[in-house]
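Source file start.txt; content: compact mmCIF, C-alpha atoms and all ligand atoms.
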# COMPACT_ATOMS: atom_id res chain seq x y z
CA MET L 1 -97.06 -225.14 -115.80
CA ASN L 2 -93.42 -224.28 -116.38
CA THR L 3 -92.79 -221.62 -119.00
CA SER L 4 -89.43 -221.81 -120.67
CA TYR L 5 -87.97 -219.36 -123.12
CA ILE L 6 -85.63 -221.03 -125.56
CA THR L 7 -83.42 -218.95 -127.80
CA CYS L 8 -82.89 -220.50 -131.21
CA SER L 9 -79.23 -221.34 -131.79
CA GLU L 10 -79.71 -220.85 -135.55
CA CYS L 11 -81.41 -217.46 -135.82
CA GLY L 12 -81.62 -216.14 -132.24
CA THR L 13 -85.42 -216.00 -132.08
CA VAL L 14 -86.79 -216.45 -128.56
CA ASN L 15 -89.45 -219.19 -128.49
CA LEU L 16 -91.88 -219.87 -125.64
CA ASN L 17 -92.50 -223.55 -124.78
CA ALA L 18 -91.65 -224.71 -128.31
CA GLU L 19 -89.71 -227.71 -129.55
CA TYR L 20 -89.00 -226.07 -132.90
CA CYS L 21 -88.12 -222.48 -133.74
CA SER L 22 -91.15 -220.44 -134.81
CA ASN L 23 -88.99 -218.43 -137.19
CA CYS L 24 -86.69 -220.92 -138.96
CA GLY L 25 -87.99 -224.30 -137.75
CA ALA L 26 -84.68 -225.41 -136.19
CA LEU L 27 -84.79 -227.97 -133.39
CA LEU L 28 -84.60 -226.12 -130.09
CA ASP L 29 -84.16 -229.36 -128.15
CA VAL L 30 -80.38 -229.10 -128.64
CA VAL L 31 -80.31 -226.09 -126.36
CA ALA L 32 -82.63 -227.77 -123.85
CA LYS L 33 -80.52 -230.94 -123.89
CA ARG L 34 -77.33 -228.97 -123.33
CA LYS L 35 -78.93 -227.12 -120.43
CA LEU L 36 -80.24 -230.38 -118.95
CA LYS L 37 -76.83 -232.04 -119.24
CA ARG L 38 -75.22 -229.08 -117.50
CA GLU L 39 -77.79 -229.27 -114.68
CA GLN L 40 -77.28 -233.02 -114.31
CA GLU L 41 -73.52 -232.55 -114.09
CA THR L 42 -73.96 -229.88 -111.43
CA THR L 43 -76.22 -232.11 -109.32
CA LYS L 44 -73.86 -235.06 -109.85
CA LYS L 45 -70.96 -233.00 -108.55
CA ALA L 46 -73.03 -231.71 -105.63
CA LYS L 47 -74.07 -235.27 -104.75
CA LEU L 48 -70.46 -236.45 -104.98
CA LYS L 49 -69.34 -233.67 -102.67
CA ALA L 50 -72.18 -234.43 -100.24
CA SER L 51 -71.33 -238.15 -100.19
CA LEU L 52 -67.67 -237.32 -99.57
CA LYS L 53 -68.69 -235.18 -96.63
CA LYS L 54 -71.02 -237.88 -95.29
CA GLU L 55 -68.61 -240.82 -95.57
CA PRO L 56 -65.85 -239.66 -93.22
CA SER L 57 -68.31 -238.50 -90.56
CA LYS L 58 -69.68 -242.06 -90.24
CA ILE L 59 -66.25 -243.51 -89.59
CA GLU L 60 -65.33 -240.52 -87.48
CA THR L 61 -68.30 -241.00 -85.16
CA PHE L 62 -67.55 -244.75 -84.95
CA LEU L 63 -63.95 -244.05 -83.94
CA LYS L 64 -64.99 -241.24 -81.61
CA ASN L 65 -67.45 -243.56 -79.85
CA GLY L 66 -64.60 -246.06 -79.44
CA THR L 67 -62.43 -243.47 -77.73
CA GLU L 68 -65.10 -243.30 -75.00
CA HIS L 69 -64.93 -247.08 -74.33
CA SER L 70 -64.67 -248.26 -70.71
CA ASN L 71 -61.56 -250.35 -71.50
CA VAL L 72 -58.40 -248.22 -71.53
CA LEU L 73 -56.62 -250.39 -74.13
CA ILE L 74 -59.56 -250.23 -76.54
CA ARG L 75 -59.78 -246.48 -75.90
CA LEU L 76 -56.11 -246.05 -76.84
CA LEU L 77 -56.56 -248.30 -79.89
CA PHE L 78 -59.47 -246.20 -81.11
CA GLN L 79 -57.63 -242.96 -80.38
CA GLY L 80 -54.72 -244.16 -82.54
CA GLY L 81 -57.13 -245.29 -85.25
CA TYR L 82 -58.89 -241.94 -85.10
CA TYR L 83 -55.70 -239.98 -85.69
CA VAL L 84 -54.62 -242.37 -88.48
CA TRP L 85 -58.06 -241.95 -90.04
CA LEU L 86 -57.88 -238.15 -89.82
CA PHE L 87 -54.47 -238.26 -91.49
CA PHE L 88 -55.68 -240.45 -94.38
CA ALA L 89 -58.96 -238.55 -94.70
CA LEU L 90 -56.95 -235.37 -95.18
CA ILE L 91 -54.78 -236.94 -97.91
CA PHE L 92 -57.71 -238.67 -99.65
CA GLY L 93 -59.81 -235.52 -99.47
CA GLY L 94 -57.02 -233.58 -101.15
CA ILE L 95 -56.59 -236.20 -103.90
CA ILE L 96 -60.35 -236.43 -104.54
CA SER L 97 -60.77 -232.66 -104.71
CA LEU L 98 -57.85 -232.56 -107.17
CA ILE L 99 -59.55 -235.20 -109.34
CA ILE L 100 -62.85 -233.26 -109.22
CA ALA L 101 -61.02 -230.04 -110.13
CA ALA L 102 -59.26 -231.81 -113.04
CA ALA L 103 -62.55 -233.31 -114.27
CA ALA L 104 -64.31 -229.96 -114.03
CA GLY L 105 -61.53 -228.13 -115.87
ZN ZN L 201 -84.56 -220.09 -135.45
Reformat the file's structure so that it appears as structure tokens.
Amino acid sequence: MNTSYITCSECGTVNLNAEYCSNCGALLDVVAKRKLKREQETTKKAKLKASLKKEPSKIETFLKNGTEHSNVLIRLLFQGGYYVWLFFALIFGGIISLIIAAAAG
């Protein structure tokens, strides 16, 4: 069983595993909800960052595999595409991190 100490936002009494304050009867859920929301936002941001890291690597490996093609022309095509992709990934990564920073602030 998880034991959680919730401090009452009304009177400051620390309650153990209680929905309502033992001292003044105020709803302690507000604090729990706020904490939960904060945790969800943190995991959402972490997931977003993880997906951003995963996405480019997929395309990167695809383009990298192409650069090892037996046909020279296809190899050159993929090499060009790889550098174009790196360029755009850099710009998009910068824009996305700016958006995340703006949303967090
Ligand atoms: Zn209280």
Surroundings of ligand ZN 201 (chain L) up to 7 Å, based on all atoms listed in the file, as a PDB file with C-alpha atoms, in the coordinates of the input:
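The resulting selection_7.pdb:
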ATOM      1  CA  CYS L   8     -82.890-220.500-131.210  1.00  0.00           C
ATOM      2  CA  SER L   9     -79.230-221.340-131.790  1.00  0.00           C
ATOM      3  CA  GLU L  10     -79.710-220.850-135.550  1.00  0.00           C
ATOM      4  CA  CYS L  11     -81.410-217.460-135.820  1.00  0.00           C
ATOM      5  CA  GLY L  12     -81.620-216.140-132.240  1.00  0.00           C
ATOM      6  CA  THR L  13     -85.420-216.000-132.080  1.00  0.00           C
ATOM      7  CA  CYS L  21     -88.120-222.480-133.740  1.00  0.00           C
ATOM      8  CA  SER L  22     -91.150-220.440-134.810  1.00  0.00           C
ATOM      9  CA  ASN L  23     -88.990-218.430-137.190  1.00  0.00           C
ATOM     10  CA  CYS L  24     -86.690-220.920-138.960  1.00  0.00           C
ATOM     11  CA  GLY L  25     -87.990-224.300-137.750  1.00  0.00           C
ATOM     12  CA  ALA L  26     -84.680-225.410-136.190  1.00  0.00           C
TER      13      ALA L  26
END
Between atom CA of L:Leu52 and atom CA of L:Arg34, what is the spacing in Å? 27.0 Å
Restricting to only C-alpha atoms, whichever of L:Lys35, L:His69, L:Lys45, L:Lys64 is closest to L:Trp85 is L:Lys64
Just how far from atom CA of L:Ser4 is atom CA of L:Asn17, in Å to one decimal?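 Atom-to-atom, atom CA of L:Asn17 to atom CA of L:Ser4, that is 5.4 Å.
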For the atom pair atom CA of L:Ala89 and atom CA of L:Glu39, what is the interatomic distance in Å to one decimal place?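 These two atoms are separated by 29.0 Å.
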For L:Leu16, list every protein, DNA or RNA residue within 9 Å, evaluated using all atoms listed in the file, and leave out those in the same chain fewer than 3 positions away; present the list as a list of chain:residue names.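 Contacts, with the query itself left out: L:Thr3, L:Ser4, L:Tyr5, L:Ile6, L:Thr7.
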Test item: residues at most 10 Å from L:Ile59, only C-alpha atoms, excluding those fewer than 6 positions along its chain, as a list in words: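 Close residues of L:Ile59: Asn65, Tyr82, Trp85 and Leu86 of chain L.
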Shortest interatomic distance to L:Ala103 - which of L:Asn71, L:Leu76, L:Gly81, L:Glu41, counting only C-alpha atoms: L:Glu41
